[in-house]
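A.B. asks: Sharing final-v2.cif (mmCIF, C-alpha atoms) below.
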```
data_coords
loop_
_atom_site.label_atom_id
_atom_site.label_comp_id
_atom_site.auth_asym_id
_atom_site.auth_seq_id
_atom_site.Cartn_x
_atom_site.Cartn_y
_atom_site.Cartn_z
CA MET A 1 0.00 0.00 0.00
CA PRO A 2 1.38 3.45 -0.83
CA ALA A 3 2.17 6.07 1.78
CA LYS A 4 -0.35 8.84 2.27
CA ILE A 5 0.16 12.45 3.19
CA ARG A 6 -2.67 13.32 5.53
CA LEU A 7 -3.78 15.28 8.57
CA GLN A 8 -3.43 14.07 12.14
CA ARG A 9 -5.83 15.74 14.56
CA HIS A 10 -4.63 17.51 17.71
CA GLY A 11 -6.02 20.19 20.03
CA ARG A 12 -9.03 20.39 22.28
CA LYS A 13 -12.68 19.94 21.48
CA ARG A 14 -14.04 22.44 18.92
CA TYR A 15 -10.56 23.95 18.56
CA ALA A 16 -8.62 21.43 16.51
CA PHE A 17 -5.32 21.91 14.72
CA TYR A 18 -3.57 19.32 12.62
CA HIS A 19 -0.14 17.88 11.94
CA ILE A 20 0.64 17.11 8.32
CA VAL A 21 2.20 13.65 8.36
CA VAL A 22 3.32 10.94 5.98
CA ALA A 23 1.84 7.63 7.16
CA ASP A 24 1.01 4.17 5.94
CA SER A 25 -2.52 4.18 4.52
CA ARG A 26 -3.42 1.25 6.82
CA ALA A 27 -2.42 3.10 10.02
CA PRO A 28 -5.10 4.79 12.15
CA ARG A 29 -5.70 8.50 11.60
CA ASP A 30 -4.03 9.59 14.83
CA GLY A 31 -1.75 6.55 15.06
CA ARG A 32 1.75 5.76 13.92
CA PHE A 33 3.27 7.84 11.13
CA ILE A 34 6.48 7.82 9.13
CA GLU A 35 7.37 11.52 9.20
CA ARG A 36 5.83 14.82 10.17
CA ILE A 37 6.26 17.49 7.49
CA GLY A 38 4.19 20.39 8.78
CA SER A 39 1.15 21.71 10.63
CA TYR A 40 -2.19 23.28 9.73
CA ASN A 41 -4.25 25.55 11.97
CA PRO A 42 -7.67 26.48 10.52
CA ASN A 43 -8.68 28.54 13.58
CA THR A 44 -6.93 31.67 12.30
CA ASN A 45 -7.94 33.84 9.36
CA PRO A 46 -6.24 33.19 7.01
CA ALA A 47 -5.35 29.68 8.12
CA THR A 48 -1.83 29.17 9.45
CA ILE A 49 0.15 26.62 7.44
CA ASP A 50 3.68 25.60 8.40
CA LEU A 51 5.07 23.20 5.79
CA ASP A 52 8.50 21.75 5.03
CA PHE A 53 8.40 22.45 1.30
CA ASP A 54 11.35 20.24 0.30
CA LYS A 55 10.17 17.20 2.27
CA ALA A 56 6.63 17.51 0.90
CA LEU A 57 7.98 17.73 -2.66
CA ASP A 58 10.29 14.78 -2.06
CA TRP A 59 7.45 12.58 -0.78
CA LEU A 60 5.25 13.56 -3.72
CA THR A 61 7.95 12.61 -6.20
CA LYS A 62 8.34 9.28 -4.38
CA GLY A 63 4.65 8.56 -5.02
CA ALA A 64 2.97 9.45 -1.70
CA GLN A 65 -0.74 10.20 -2.21
CA PRO A 66 -2.17 13.28 -0.46
CA THR A 67 -5.71 13.37 0.86
CA ASP A 68 -8.09 15.98 -0.56
CA THR A 69 -7.46 18.51 2.21
CA VAL A 70 -3.70 18.02 2.09
CA ARG A 71 -3.78 18.33 -1.71
CA ALA A 72 -5.48 21.73 -1.31
CA ILE A 73 -2.81 22.75 1.24
CA LEU A 74 0.03 21.62 -1.04
CA SER A 75 -1.54 23.49 -3.94
CA TYR A 76 -1.90 26.62 -1.78
CA LYS A 77 1.79 26.47 -0.82
CA GLY A 78 2.93 25.78 -4.40
CA VAL A 79 4.26 22.25 -3.91
CA LEU A 80 2.06 20.79 -6.64
CA TYR A 81 3.01 23.60 -9.05
CA LYS A 82 6.70 23.01 -8.34
CA LYS A 83 6.24 19.29 -9.04
CA HIS A 84 4.49 20.19 -12.29
CA LEU A 85 7.38 22.46 -13.33
CA LEU A 86 9.94 19.78 -12.51
CA GLY A 87 7.95 17.38 -14.68
CA GLY A 88 8.26 19.89 -17.55
CA VAL A 89 12.02 20.11 -16.99
CA ALA A 90 12.27 16.31 -17.05
CA LYS A 91 10.40 16.24 -20.37
CA GLY A 92 12.66 18.94 -21.84
CA ALA A 93 9.91 21.53 -22.31
CA PHE A 94 12.07 24.19 -20.60
CA ASP A 95 15.22 24.34 -18.51
CA GLU A 96 15.51 24.47 -14.72
CA ALA A 97 16.24 28.21 -14.68
CA GLU A 98 12.97 28.88 -16.53
CA ALA A 99 11.12 26.62 -14.10
CA GLU A 100 12.61 28.53 -11.16
CA ARG A 101 11.71 31.88 -12.75
CA ARG A 102 8.09 30.79 -13.28
CA PHE A 103 7.85 29.48 -9.74
CA GLU A 104 9.25 32.71 -8.27
CA ALA A 105 6.73 34.75 -10.29
CA TRP A 106 3.88 32.52 -9.10
CA LEU A 107 5.12 32.76 -5.50
CA ALA A 108 5.32 36.57 -5.64
CA ASP A 109 1.78 36.74 -7.04
CA LYS A 110 0.54 34.37 -4.33
CA GLU A 111 2.19 36.40 -1.58
CA ALA A 112 0.61 39.58 -2.96
CA LYS A 113 -2.83 37.96 -2.88
CA ILE A 114 -2.33 36.73 0.67
CA GLN A 115 -1.15 40.17 1.81
CA ALA A 116 -4.12 41.81 0.09
CA LYS A 117 -6.47 39.46 1.93
CA LYS A 118 -4.79 40.26 5.26
CA ASP A 119 -5.06 43.99 4.57
CA ARG A 120 -8.72 43.65 3.62
CA LEU A 121 -9.48 41.66 6.79
CA SER A 122 -7.64 44.24 8.89
CA LYS A 123 -9.53 47.09 7.22
CA ASP A 124 -12.86 45.30 7.72
CA GLU A 125 -12.01 44.76 11.38
CA GLU A 126 -11.17 48.45 11.82
CA THR A 127 -14.42 49.41 10.09
CA VAL A 128 -16.40 47.16 12.41
CA LYS A 129 -14.64 48.64 15.44
CA ALA A 130 -15.35 52.18 14.21
CA LYS A 131 -19.04 51.35 13.75
CA LEU A 132 -19.22 49.82 17.22
CA LEU A 133 -17.56 52.90 18.75
CA GLU A 134 -19.94 55.19 16.87
CA ALA A 135 -22.96 53.20 18.05
CA GLU A 136 -21.65 53.24 21.63
CA ALA A 137 -21.08 57.01 21.46
CA LYS A 138 -24.63 57.50 20.19
CA VAL A 139 -26.05 55.37 23.01
CA ASN A 140 -24.02 57.34 25.56
CA ALA A 141 -25.21 60.65 24.10
CA ASP A 142 -28.85 59.52 24.19
CA ARG A 143 -28.41 58.33 27.76
CA ALA A 144 -26.81 61.63 28.82
CA GLU A 145 -29.63 63.56 27.14
CA ALA A 146 -32.25 61.45 28.93
CA ILE A 147 -30.51 61.97 32.27
CA ALA A 148 -30.29 65.74 31.69
CA LYS A 149 -33.97 65.86 30.73
CA ARG A 150 -34.94 63.89 33.84
CA ASN A 151 -32.84 66.16 36.06
CA ALA A 152 -34.49 69.23 34.52
CA GLU A 153 -37.94 67.76 35.19
CA LEU A 154 -37.02 67.00 38.81
CA ALA A 155 -35.63 70.52 39.28
CA ALA A 156 -38.84 72.01 37.83
CA GLU A 157 -40.97 69.85 40.14
CA ALA A 158 -38.90 70.87 43.17
CA GLU A 159 -39.17 74.54 42.23
CA ALA A 160 -42.92 74.22 41.73
CA ALA A 161 -43.26 72.54 45.13
CA ASN A 162 -41.28 75.32 46.86
CA ALA A 163 -43.24 78.19 45.23
CA PRO A 164 -46.67 77.47 46.91
CA GLU A 165 -45.02 77.22 50.33
CA GLU A 166 -43.52 80.69 49.90
CA GLU A 167 -46.92 82.08 48.84
CA GLU A 168 -48.70 80.46 51.81
CA ALA A 169 -46.25 81.88 54.32
CA PRO A 170 -47.10 85.60 53.64
CA ALA A 171 -50.83 84.76 53.62
CA GLU A 172 -50.52 83.19 57.07
CA GLU A 173 -48.65 86.26 58.36
CA ALA A 174 -51.40 88.54 56.99
CA GLU A 175 -54.09 86.45 58.68
CA ALA A 176 -52.20 86.57 61.95
CA THR A 177 -51.98 90.39 61.83
CA GLU A 178 -55.71 90.69 61.10
CA GLU A 179 -56.67 88.38 63.95
CA THR A 180 -54.53 90.15 66.57
CA PRO A 181 -56.50 93.49 66.81
CA ALA A 182 -59.82 91.65 66.85
CA ALA A 183 -58.66 89.65 69.83
CA GLU A 184 -57.43 92.74 71.61
CA ALA A 185 -60.67 94.71 71.06
CA PRO A 186 -62.94 92.66 73.37
CA ALA A 187 -60.30 92.78 76.06
CA ALA A 188 -60.46 96.57 76.00
CA GLU A 189 -64.28 96.57 76.17
CA GLU A 190 -64.45 94.29 79.24
CA PRO A 191 -63.15 96.90 81.76
CA LYS A 192 -65.74 99.43 80.51
CA ALA A 193 -68.52 96.95 81.16
CA ASP A 194 -67.19 96.38 84.70
CA GLU A 195 -67.12 100.15 85.38
CA GLU A 196 -70.76 100.53 84.23
CA GLU A 197 -71.84 97.72 86.55
CA LYS A 198 -70.15 99.46 89.53
CA LYS A 199 -71.90 102.75 88.72
CA ALA A 200 -75.25 101.00 88.54
CA GLU A 201 -74.75 99.62 91.99
#
```
Give the structure from this file in structure tokens form.

C.D. replies:
Amino acid sequence: MPAKIRLQRHGRKRYAFYHIVVADSRAPRDGRFIERIGSYNPNTNPATIDLDFDKALDWLTKGAQPTDTVRAILSYKGVLYKKHLLGGVAKGAFDEAEAERRFEAWLADKEAKIQAKKDRLSKDEETVKAKLLEAEAKVNADRAEAIAKRNAELAAEAEAANAPEEEEAPAEEAEATEETPAAEAPAAEEPKADEEEKKAE
């Protein structure tokens, strides 16, 4: 049975990362392997791929069969393209220098695309943060406005409650001044009545 290049699962539940290994096709997924040639972490954006390019190319030329996911990883890193170019050199379609030049051009283009994706993701993240900050500032402004409005209403209510008390106080003083002479008047009349009674006797 040929060797296979496949993923070996590691990591905790719902947060898996993988080792890229060369193993016998009859061995269990997470069992014995021949050689580890890299790692793959899909939890980041973009995914983090650490691959020994030369070892992967060597195993491919020896006839190791990659699984579908590993084939996509090898294609992403340019291993399959390099193998294709070496096949062209072996057939005499072009020389090794031309193959290297084509691979370098492909690699530069790939790096530019990856960097553009990283920049776009960073810009999107900054845009999202700016929108969240703007929404938070709006909520804070609305809350401050509501608090100020409530404080103004409470101040108006307190002022309205104090105004009637001040009006009642002068009215009470006026009533007290009016009642005082009326109370004193009968007291002054009582001695006169006593004098008249003495004269009558």

A.B. asks: Apply the PyMOL selection byres ((chain A and resi 65-69) around 12) to the structure shown and report the selected residues as a VMD selection string.

C.D. replies: chain A and resid 1 to 8 18 20 to 25 29 40 42 56 to 64 70 to 76 79 to 80

A.B. asks: Selection from above, C-alpha atoms, as a PDB file, in the frame of the given file, can you write it?

C.D. replies:
```
ATOM      1  CA  MET A   1       0.000   0.000   0.000  1.00  0.00           C
ATOM      2  CA  PRO A   2       1.380   3.450  -0.830  1.00  0.00           C
ATOM      3  CA  ALA A   3       2.170   6.070   1.780  1.00  0.00           C
ATOM      4  CA  LYS A   4      -0.350   8.840   2.270  1.00  0.00           C
ATOM      5  CA  ILE A   5       0.160  12.450   3.190  1.00  0.00           C
ATOM      6  CA  ARG A   6      -2.670  13.320   5.530  1.00  0.00           C
ATOM      7  CA  LEU A   7      -3.780  15.280   8.570  1.00  0.00           C
ATOM      8  CA  GLN A   8      -3.430  14.070  12.140  1.00  0.00           C
ATOM      9  CA  TYR A  18      -3.570  19.320  12.620  1.00  0.00           C
ATOM     10  CA  ILE A  20       0.640  17.110   8.320  1.00  0.00           C
ATOM     11  CA  VAL A  21       2.200  13.650   8.360  1.00  0.00           C
ATOM     12  CA  VAL A  22       3.320  10.940   5.980  1.00  0.00           C
ATOM     13  CA  ALA A  23       1.840   7.630   7.160  1.00  0.00           C
ATOM     14  CA  ASP A  24       1.010   4.170   5.940  1.00  0.00           C
ATOM     15  CA  SER A  25      -2.520   4.180   4.520  1.00  0.00           C
ATOM     16  CA  ARG A  29      -5.700   8.500  11.600  1.00  0.00           C
ATOM     17  CA  TYR A  40      -2.190  23.280   9.730  1.00  0.00           C
ATOM     18  CA  PRO A  42      -7.670  26.480  10.520  1.00  0.00           C
ATOM     19  CA  ALA A  56       6.630  17.510   0.900  1.00  0.00           C
ATOM     20  CA  LEU A  57       7.980  17.730  -2.660  1.00  0.00           C
ATOM     21  CA  ASP A  58      10.290  14.780  -2.060  1.00  0.00           C
ATOM     22  CA  TRP A  59       7.450  12.580  -0.780  1.00  0.00           C
ATOM     23  CA  LEU A  60       5.250  13.560  -3.720  1.00  0.00           C
ATOM     24  CA  THR A  61       7.950  12.610  -6.200  1.00  0.00           C
ATOM     25  CA  LYS A  62       8.340   9.280  -4.380  1.00  0.00           C
ATOM     26  CA  GLY A  63       4.650   8.560  -5.020  1.00  0.00           C
ATOM     27  CA  ALA A  64       2.970   9.450  -1.700  1.00  0.00           C
ATOM     28  CA  VAL A  70      -3.700  18.020   2.090  1.00  0.00           C
ATOM     29  CA  ARG A  71      -3.780  18.330  -1.710  1.00  0.00           C
ATOM     30  CA  ALA A  72      -5.480  21.730  -1.310  1.00  0.00           C
ATOM     31  CA  ILE A  73      -2.810  22.750   1.240  1.00  0.00           C
ATOM     32  CA  LEU A  74       0.030  21.620  -1.040  1.00  0.00           C
ATOM     33  CA  SER A  75      -1.540  23.490  -3.940  1.00  0.00           C
ATOM     34  CA  TYR A  76      -1.900  26.620  -1.780  1.00  0.00           C
ATOM     35  CA  VAL A  79       4.260  22.250  -3.910  1.00  0.00           C
ATOM     36  CA  LEU A  80       2.060  20.790  -6.640  1.00  0.00           C
TER      37      LEU A  80
END
```

A.B. asks: If you measure from CA of Lys82 (chain A) to CA of Ala99 (chain A), what distance in Å do you get, rounded to one decimal?

C.D. replies: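 Value for the CA of Lys82 (chain A)-CA of Ala99 (chain A) distance: 8.1 Å.
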
A.B. asks: Measuring atom to atom with all atoms listed in the file, identify which of A:Asp50, A:Glu100, A:Thr44, A:Lys55 is nearest to Leu121 (chain A).

C.D. replies: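 Counting all atoms listed in the file, the residue closest to Leu121 (chain A) is A:Thr44.
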
A.B. asks: What lies within 9 Å of Lys117 (chain A) using all atoms listed in the file, ignoring chain neighbours under 5 positions off, as a PyMOL selection string?

C.D. replies: chain A and resi 46+112+122

A.B. asks: In Å, rounded to a single decimal, give me how far CA of Glu125 (chain A) is from CA of Ala141 (chain A).

C.D. replies: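 According to the coordinates, CA of Ala141 (chain A) and CA of Glu125 (chain A) are separated by 24.3 Å.
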
A.B. asks: Mind giving me the straight-line distance from CA of Phe103 (chain A) to CA of Tyr81 (chain A) in Å, one decimal?

C.D. replies: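 CA of Tyr81 (chain A) lies at a distance of 7.6 Å from CA of Phe103 (chain A).
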